[in-house]
Protein chains: 4
Amino acid sequence: MNFASDNTAGIAPAVLDAIVKANQGFALGYGRDDLTERVARRVGEIFEREVAVFLVPTGTAANALALAQVSPPWGAVLCHADSHIITDESGAPEFFGGGLKLIGLPGEAGKIALPTLREALEQGPWGGPHHVTASALSLSQATEAGTIYRGEEIRALAELAHERGLAVHMDGARFANALVRMNVSPAEATWKAGVDVLSLGATKAGALAAEAVVFFDPARAAGMPERRKRGGHLVSKHRFIAAQFEAFFAADLWLDLARHANDKADQLAARLTGAGLPPVWPVEANEVFVALPCAVDAHLKAAGASYYERNSHDLPGGAVGGDVVLIRLVTSFATTDEDIAQFIAVATGR
Amino acid sequence: MNFASDNTAGIAPAVLDAIVKANQGFALGYGRDDLTERVARRVGEIFEREVAVFLVPTGTAANALALAQVSPPWGAVLCHADSHIITDESGAPEFFGGGLKLIGLPGEAGKIALPTLREALEQGPWGGPHHVTASALSLSQATEAGTIYRGEEIRALAELAHERGLAVHMDGARFANALVRMNVSPAEATWKAGVDVLSLGATKAGALAAEAVVFFDPARAAGMPERRKRGGHLVSKHRFIAAQFEAFFAADLWLDLARHANDKADQLAARLTGAGLPPVWPVEANEVFVALPCAVDAHLKAAGASYYERNSHDLPGGAVGGDVVLIRLVTSFATTDEDIAQFIAVATGR
Amino acid sequence: MNFASDNTAGIAPAVLDAIVKANQGFALGYGRDDLTERVARRVGEIFEREVAVFLVPTGTAANALALAQVSPPWGAVLCHADSHIITDESGAPEFFGGGLKLIGLPGEAGKIALPTLREALEQGPWGGPHHVTASALSLSQATEAGTIYRGEEIRALAELAHERGLAVHMDGARFANALVRMNVSPAEATWKAGVDVLSLGATKAGALAAEAVVFFDPARAAGMPERRKRGGHLVSKHRFIAAQFEAFFAADLWLDLARHANDKADQLAARLTGAGLPPVWPVEANEVFVALPCAVDAHLKAAGASYYERNSHDLPGGAVGGDVVLIRLVTSFATTDEDIAQFIAVATGR
Amino acid sequence: MNFASDNTAGIAPAVLDAIVKANQGFALGYGRDDLTERVARRVGEIFEREVAVFLVPTGTAANALALAQVSPPWGAVLCHADSHIITDESGAPEFFGGGLKLIGLPGEAGKIALPTLREALEQGPWGGPHHVTASALSLSQATEAGTIYRGEEIRALAELAHERGLAVHMDGARFANALVRMNVSPAEATWKAGVDVLSLGATKAGALAAEAVVFFDPARAAGMPERRKRGGHLVSKHRFIAAQFEAFFAADLWLDLARHANDKADQLAARLTGAGLPPVWPVEANEVFVALPCAVDAHLKAAGASYYERNSHDLPGGAVGGDVVLIRLVTSFATTDEDIAQFIAVATGR
């Protein structure tokens, strides 16, 4: 009954096999190996255009490096108030960005609505030497609330952002989960909708430690090799991070893994709804948020269930507080029907 | 004939097995797993004292984070002019250290001599608001020249550094190689000789991507968890980085791997000497530096030998230039007698 | 009719005289002169305790350096959402603080209420390696709304802050204005109420360019000389910045100048109220905020009145918008009765 | 007998008068005043081209901001090993530059020779993700040894720098002193010779606190307004910093002040030479360096002479040490014949 995070799961077997298989002979370090080159090409194929790709070991590194590329130190990155970059990365974007500012916008179910972005951009004050300059919009896909932005939503937000000179970053720690739900191509989900740079996560999805920063306009990546290196994020035995991605993309494994996780989230949501505990937000990726009576919470914990409580700036009024807590249940490629059945059994006292 | 770097080797079988073995079930992320706890305890046992240990994926991260802990932004880190931190990390220490300064000292065979350090500290000017403050001494062990500092050398340098208020950092990317040559305990090679913080490398020695920052006074690690996280160096599926270290330390594997690499370096050095190509510096770890006639160099490359040319600020006069190049040959746990025999055969034209 | 800012006024005659008088002979630079020493002692007398004082040329420098001293790079500084440090310093605190985070709290009339601070501190999440650590509370005195914190309000806020391990910074760009209104001693208005470090402004109050950072616990200033120097804020001909402060403090000039400015603000507020344009917030320092019909605004501007429109996150509902704008009128030591009479005449169409 | 530094002198009378004169009525802050606009235009006239000008209160700010504009955080700024930016600014360039690296080159009499620069650029290693990228050349004019670069020297150095993609910065804290000695136009001494950005000092030359950063290609100044503001270097009552420059440039005052200082240096050098104490380096600006017997040094100090001892990396062999110290004597617009006569009298024991 481990629903604490998708990073509590291990490595997907095919990814681990790829690491084992890559462990043959010698290969130049720091990305000058064939496997890395193949993966870079593969990412271009997947996104149907020339891209600049940089593999790094953590999602925080991917986000912070990406934002530092598209925002000056006196820039402001607009993001959802509950987004990972603003709440859970201990100031990494500010550090890598030379002291840039993150500005959290409110929004239901983890999503920034177009009018909210418009208001923020109009209200300001922005720029001039006294005020920071709105420089980037960061969208989490899937969001921290387990919801997803649809293609047209991204397109509208990105269009407004671009009009005002902002770059568009997508934090895709759970990009595959969003993709399989949207049922569109990677290209349509990103650059065709206006995304300039994507943090493409593989770790939560089944890798050991592998994230990619993908620039859809390679010119935007100028200086990125140096930035990654001096950030300590250029892995020396680079073939092993590349191997993870090669396996991840082979035979659409990444989509299969994500589909499994999403299916389990759907199943969990359905069973919880059946038990009178409907999710507080639409379940569109691999996360289920439930307002749980404290007694049930205690019961589940006593039974060994693992999950986290969550704060949210944008919870539907009255949903939690008193004797109700908001919990987050995350499914993964490794979640089984038994996990879910057991969780429901304990939650419902049956 | 791959002697380009010890990071061109793969993963030592026992380390890879440990990763595979750790891939069972779920484990909390970000270091809150049992394996991580075990490794932290194990490092304490190995160094015979309470320590604070932080695992990170790269050596650059280990060095930069360690130095930022022991030096203020207006500090100066004294190191050898050929040291990795000053020549090969693209300014990572300066970035993590908020703009600190690295000051390269000359020194034969990659080592800082005591009088050199004394002169640098006396000459200054240091401190006051106008000049940076000498805040740390960083020693590479083994050095970039493949030599090692003996216990008494470290002790003397560290004593002087401490007298002047400097912390002592050791860049131990090849610490195990030095250790087995010194034939002293890890404690004697570090804190008993005055080292305050160690970057303990496992990657070059046979891991996938695993380095540890070890503070011998845990109080010195205050803020380090936050610093690592915002540097993007807290690996989410942390059990897998811990697993590498557990295997590394089990049954003295790390010493065996290092001993193998050192033995191969000795063997290579002996064969080269026999062929009239004696190393320019004492071979004390797993690196052999040779002044190679360009014709031989061309011959070797044509035959597929892989190695790098090196610059050095402190090469014995007249050793290179003209039709002689300085090359670096690095051995590893994976180097075989055949590699060496083949290299010698090509080099000697036999 | 210049009410744009107190920094549009010139230099108070006595301060300018002091600069002229200080221009005799030679004096060592960088603060090693007698005048600087005298001023440092004088600040200690004024605040009735040993202090560490650092003079700098701008208020942004004073704030940013002070915050960097009391907050780690992974810290969060809690401040009012309309405070100068978060809206008007282009990210200076983030830059000097190595990427720290400013968190704006709501609050009526520019002030943070105790329950608001308590809720922010309780809600979190704070600390751990994932979340930034609440490290400082910054209070603007007088506030950006022209109001002031009373002694007991500061005491309560500071007590809560200290309980949670936060340092307390006071942005006193208009400290003298607050002080004369509070009618308490400088000590009571600061450290006796729990303030740890004060940005003490003289520029807006009548100096050319002179601000002081005052640490009430000198130990907290460790490293500050270096920080100021590398920030480029150690003025070389330092006697002239010291001279401004000497004149400022002589014969309570600073209080007289502030009292004049406050009196003019009171007078302006009274006349505006009489004209049916009452201030939207209590006038407690030298700023008057009025919701002005656009027609009147146009009329005033046509007549040459100079002032700025303001945004606020916390304006009383319905106060502005449509055909009403919020304007800020700032008085200074140089404001005359004629300025006010003329402004009122134009505003009222008489 | 004050020869400690040109910043121990006060304010030149005409500059002080200008401050007094500027203290009339109100003026918008932060550089939006007429005086500032006039000065910006005037700088363009002086340099015979469109320029972007930024006034700041200190030389350290000017240098650090200028270098941060023309170098990425992973850049290296090549400068003389004795230059102010590397020895006396407490790491300001590293701080403002996001952790860039300063690399000190040797050179006789404070000057970088062309072959030295060429060797540094050829030797490297530079660039790639592992090594920092040579990004700027910084020349001090006049140098820290009181010498000057001639037009053809600057041209040759700048040409080489530009070939390799480096920007050329000139630290002109004593630019006027160099200019009057070179007897060329400001344009010829800077952009016509290849200088991209100039730190133009007025403080040492007779101002209170006024330095200018001049970009000869305004496009290179993109982001500079924000950078200055967040550095805390946008002076609020900006008219007073502009007033200093207006007076400085009026009727060639800056050249007259510098000529006076240079003349006094020449006079001092001639008298010292006559007394058997010839300067160790050519006296080309307003600094005289002498190797002084310790007995004479003690005698002078006892008589109240004020000056500093200096270290140098590049002193002619055997010049100092033992019972001889290297001292620096700096003259200024305020140095009198009597100062010099008295100094010589004491030095020669007459």
# chains A, B, ... in the order shown; residues from 1 in each chain; ligands from 1
$ residues_around --residues "Trp254 (chain C)" --least-positions-apart "2" --cutoff "12 Å" --atoms "only C-alpha atoms" --output "ChimeraX atom specification"
/C:12,14-15,46,174-180,186,200-207,244-252,256-261,332-333
$ write_last_selection --atoms "N, CA and C atoms" --output "mmCIF file, in the first residue's frame"
data_model
loop_
_atom_site.group_PDB
_atom_site.id
_atom_site.type_symbol
_atom_site.label_atom_id
_atom_site.label_comp_id
_atom_site.auth_asym_id
_atom_site.auth_seq_id
_atom_site.Cartn_x
_atom_site.Cartn_y
_atom_site.Cartn_z
ATOM 1 N N ALA C 12 19.009 68.696 2.669
ATOM 2 C CA ALA C 12 18.719 69.667 3.719
ATOM 3 C C ALA C 12 19.951 70.549 3.921
ATOM 4 N N ALA C 14 21.587 71.920 6.311
ATOM 5 C CA ALA C 14 22.600 71.568 7.315
ATOM 6 C C ALA C 14 23.429 70.364 6.879
ATOM 7 N N VAL C 15 22.799 69.470 6.153
ATOM 8 C CA VAL C 15 23.525 68.287 5.669
ATOM 9 C C VAL C 15 24.509 68.704 4.582
ATOM 10 N N ILE C 46 22.686 57.033 20.268
ATOM 11 C CA ILE C 46 21.274 57.245 19.913
ATOM 12 C C ILE C 46 20.438 56.013 20.246
ATOM 13 N N ARG C 174 12.004 55.358 6.045
ATOM 14 C CA ARG C 174 11.292 56.498 6.654
ATOM 15 C C ARG C 174 11.171 56.271 8.162
ATOM 16 N N PHE C 175 12.258 55.809 8.750
ATOM 17 C CA PHE C 175 12.252 55.499 10.180
ATOM 18 C C PHE C 175 12.001 56.747 11.024
ATOM 19 N N ALA C 176 12.649 57.846 10.672
ATOM 20 C CA ALA C 176 12.496 59.067 11.474
ATOM 21 C C ALA C 176 11.047 59.541 11.467
ATOM 22 N N ASN C 177 10.393 59.378 10.320
ATOM 23 C CA ASN C 177 8.987 59.776 10.245
ATOM 24 C C ASN C 177 8.128 58.977 11.206
ATOM 25 N N ALA C 178 8.444 57.697 11.307
ATOM 26 C CA ALA C 178 7.706 56.851 12.240
ATOM 27 C C ALA C 178 8.040 57.238 13.676
ATOM 28 N N LEU C 179 9.315 57.470 13.892
ATOM 29 C CA LEU C 179 9.787 57.724 15.252
ATOM 30 C C LEU C 179 9.117 58.956 15.866
ATOM 31 N N VAL C 180 9.092 60.036 15.128
ATOM 32 C CA VAL C 180 8.512 61.254 15.710
ATOM 33 C C VAL C 180 7.011 61.104 15.931
ATOM 34 N N PRO C 186 14.523 55.936 19.988
ATOM 35 C CA PRO C 186 14.988 55.010 18.943
ATOM 36 C C PRO C 186 15.177 53.589 19.475
ATOM 37 N N LEU C 200 18.512 52.149 8.294
ATOM 38 C CA LEU C 200 18.172 53.485 8.768
ATOM 39 C C LEU C 200 18.423 54.486 7.652
ATOM 40 N N GLY C 201 17.354 55.042 7.134
ATOM 41 C CA GLY C 201 17.463 55.913 5.973
ATOM 42 C C GLY C 201 17.685 57.364 6.325
ATOM 43 N N ALA C 202 18.603 57.987 5.593
ATOM 44 C CA ALA C 202 18.768 59.431 5.728
ATOM 45 C C ALA C 202 18.474 60.134 4.403
ATOM 46 N N THR C 203 18.573 59.413 3.316
ATOM 47 C CA THR C 203 18.448 60.051 2.008
ATOM 48 C C THR C 203 17.082 60.699 1.831
ATOM 49 N N LYS C 204 16.026 59.929 1.959
ATOM 50 C CA LYS C 204 14.685 60.494 1.788
ATOM 51 C C LYS C 204 14.436 61.610 2.798
ATOM 52 N N ALA C 205 15.106 61.527 3.925
ATOM 53 C CA ALA C 205 14.878 62.472 5.007
ATOM 54 C C ALA C 205 15.668 63.755 4.857
ATOM 55 N N GLY C 206 16.572 63.832 3.862
ATOM 56 C CA GLY C 206 17.283 65.090 3.678
ATOM 57 C C GLY C 206 18.763 64.981 3.362
ATOM 58 N N ALA C 207 19.277 63.766 3.248
ATOM 59 C CA ALA C 207 20.685 63.610 2.896
ATOM 60 C C ALA C 207 20.849 63.533 1.380
ATOM 61 N N GLN C 244 27.295 63.416 6.330
ATOM 62 C CA GLN C 244 25.840 63.556 6.198
ATOM 63 C C GLN C 244 25.134 63.056 7.456
ATOM 64 N N PHE C 245 25.607 61.936 7.951
ATOM 65 C CA PHE C 245 24.967 61.386 9.145
ATOM 66 C C PHE C 245 25.263 62.235 10.385
ATOM 67 N N GLU C 246 26.469 62.770 10.458
ATOM 68 C CA GLU C 246 26.781 63.590 11.629
ATOM 69 C C GLU C 246 25.820 64.781 11.698
ATOM 70 N N ALA C 247 25.631 65.435 10.561
ATOM 71 C CA ALA C 247 24.701 66.572 10.534
ATOM 72 C C ALA C 247 23.269 66.113 10.798
ATOM 73 N N PHE C 248 22.951 64.967 10.272
ATOM 74 C CA PHE C 248 21.594 64.420 10.396
ATOM 75 C C PHE C 248 21.209 64.237 11.866
ATOM 76 N N PHE C 249 22.179 63.750 12.627
ATOM 77 C CA PHE C 249 21.896 63.453 14.039
ATOM 78 C C PHE C 249 22.126 64.655 14.948
ATOM 79 N N ALA C 250 22.869 65.674 14.453
ATOM 80 C CA ALA C 250 23.224 66.797 15.331
ATOM 81 C C ALA C 250 21.980 67.582 15.710
ATOM 82 N N ALA C 251 21.875 67.905 16.994
ATOM 83 C CA ALA C 251 20.758 68.731 17.481
ATOM 84 C C ALA C 251 19.410 68.195 17.005
ATOM 85 N N ASP C 252 19.308 66.902 16.926
ATOM 86 C CA ASP C 252 18.041 66.253 16.529
ATOM 87 C C ASP C 252 17.493 66.728 15.186
ATOM 88 N N ASP C 256 13.613 66.775 13.521
ATOM 89 C CA ASP C 256 12.962 68.006 13.062
ATOM 90 C C ASP C 256 12.546 67.903 11.595
ATOM 91 N N LEU C 257 13.446 67.372 10.789
ATOM 92 C CA LEU C 257 13.128 67.218 9.361
ATOM 93 C C LEU C 257 11.922 66.295 9.176
ATOM 94 N N ALA C 258 11.923 65.213 9.914
ATOM 95 C CA ALA C 258 10.827 64.245 9.802
ATOM 96 C C ALA C 258 9.522 64.847 10.315
ATOM 97 N N ARG C 259 9.642 65.615 11.379
ATOM 98 C CA ARG C 259 8.436 66.234 11.938
ATOM 99 C C ARG C 259 7.821 67.209 10.937
ATOM 100 N N HIS C 260 8.675 67.932 10.284
ATOM 101 C CA HIS C 260 8.174 68.849 9.262
ATOM 102 C C HIS C 260 7.426 68.079 8.164
ATOM 103 N N ALA C 261 8.047 67.030 7.694
ATOM 104 C CA ALA C 261 7.418 66.247 6.623
ATOM 105 C C ALA C 261 6.080 65.679 7.093
ATOM 106 N N SER C 332 7.919 66.078 2.307
ATOM 107 C CA SER C 332 9.311 65.957 2.746
ATOM 108 C C SER C 332 9.691 67.165 3.584
ATOM 109 N N PHE C 333 10.944 67.198 3.993
ATOM 110 C CA PHE C 333 11.429 68.362 4.742
ATOM 111 C C PHE C 333 11.292 69.641 3.917
#
$ interface_residues --of "chain A" --to "chain D" --cutoff "12 Å" --atoms "only C-alpha atoms" --output "ChimeraX atom specification"
/A:29-32,68-69,71-75,95-100,126-133,222-236
$ atom_distance --atom1 "CA of Leu35 (chain B)" --atom2 "CA of Leu55 (chain B)"
12.0 Å
$ atom_distance --atom1 "CA of Thr335 (chain D)" --atom2 "CA of Gln141 (chain D)"
20.9 Å
$ select_by_dssp --residues "region 121-347 of chain A" --states "helix (DSSP H, G or I)" --output "number ranges by chain"
A: 121-123, 151-163, 175-182, 186-189, 191-193, 218-221, 224-230, 239-274, 294-302, 337-347
$ residues_around --residues "Ala345 (chain B)" --least-positions-apart "6" --cutoff "12 Å" --atoms "only C-alpha atoms" --output "list of chain:residue names"
B:Met1, B:Leu268, B:Arg271, B:Leu272, B:Gly274, B:Ala275, B:Val296, B:His299, B:Leu300, B:Ala303, B:Ala305, B:Glu338, B:Asp339
$ closest_residue --among "B:Leu253, B:Leu117, B:Ala145, B:Leu160" --to "Leu326 (chain B)" --atoms "only C-alpha atoms"
B:Ala145
$ select_by_dssp --residues "region 154-266 of chain A" --states "strand (DSSP E or B)" --output "list in words"
Ala167, Val168, His169, Met170, Asp171, Gly172, Val197, Leu198, Ser199, Leu200, Gly201, Glu211, Ala212, Val213, Val214 and Phe215 of chain A
$ atom_distance --atom1 "CA of Glu37 (chain B)" --atom2 "CA of Asn286 (chain A)"
29.2 Å
$ decode --residues "region 225-243 of chain D" --atoms "C-alpha atoms" --output "PDB file, in the first residue's frame"
ATOM      1  CA  PRO D 225      19.562  49.191 -15.870  1.00  0.00           C
ATOM      2  CA  GLU D 226      18.153  46.187 -14.027  1.00  0.00           C
ATOM      3  CA  ARG D 227      21.583  44.933 -13.055  1.00  0.00           C
ATOM      4  CA  ARG D 228      22.532  48.306 -11.600  1.00  0.00           C
ATOM      5  CA  LYS D 229      19.266  48.624  -9.703  1.00  0.00           C
ATOM      6  CA  ARG D 230      19.395  45.152  -8.152  1.00  0.00           C
ATOM      7  CA  GLY D 231      23.012  45.763  -7.272  1.00  0.00           C
ATOM      8  CA  GLY D 232      21.793  48.685  -5.169  1.00  0.00           C
ATOM      9  CA  HIS D 233      23.726  51.080  -7.357  1.00  0.00           C
ATOM     10  CA  LEU D 234      20.970  53.254  -8.747  1.00  0.00           C
ATOM     11  CA  VAL D 235      21.348  56.373  -6.591  1.00  0.00           C
ATOM     12  CA  SER D 236      17.950  57.843  -5.722  1.00  0.00           C
ATOM     13  CA  LYS D 237      18.819  61.547  -5.693  1.00  0.00           C
ATOM     14  CA  HIS D 238      20.569  60.965  -8.942  1.00  0.00           C
ATOM     15  CA  ARG D 239      20.945  64.607  -9.919  1.00  0.00           C
ATOM     16  CA  PHE D 240      23.776  64.907  -7.421  1.00  0.00           C
ATOM     17  CA  ILE D 241      25.863  62.203  -9.012  1.00  0.00           C
ATOM     18  CA  ALA D 242      25.128  63.712 -12.416  1.00  0.00           C
ATOM     19  CA  ALA D 243      26.084  67.175 -11.147  1.00  0.00           C
TER      20      ALA D 243
END
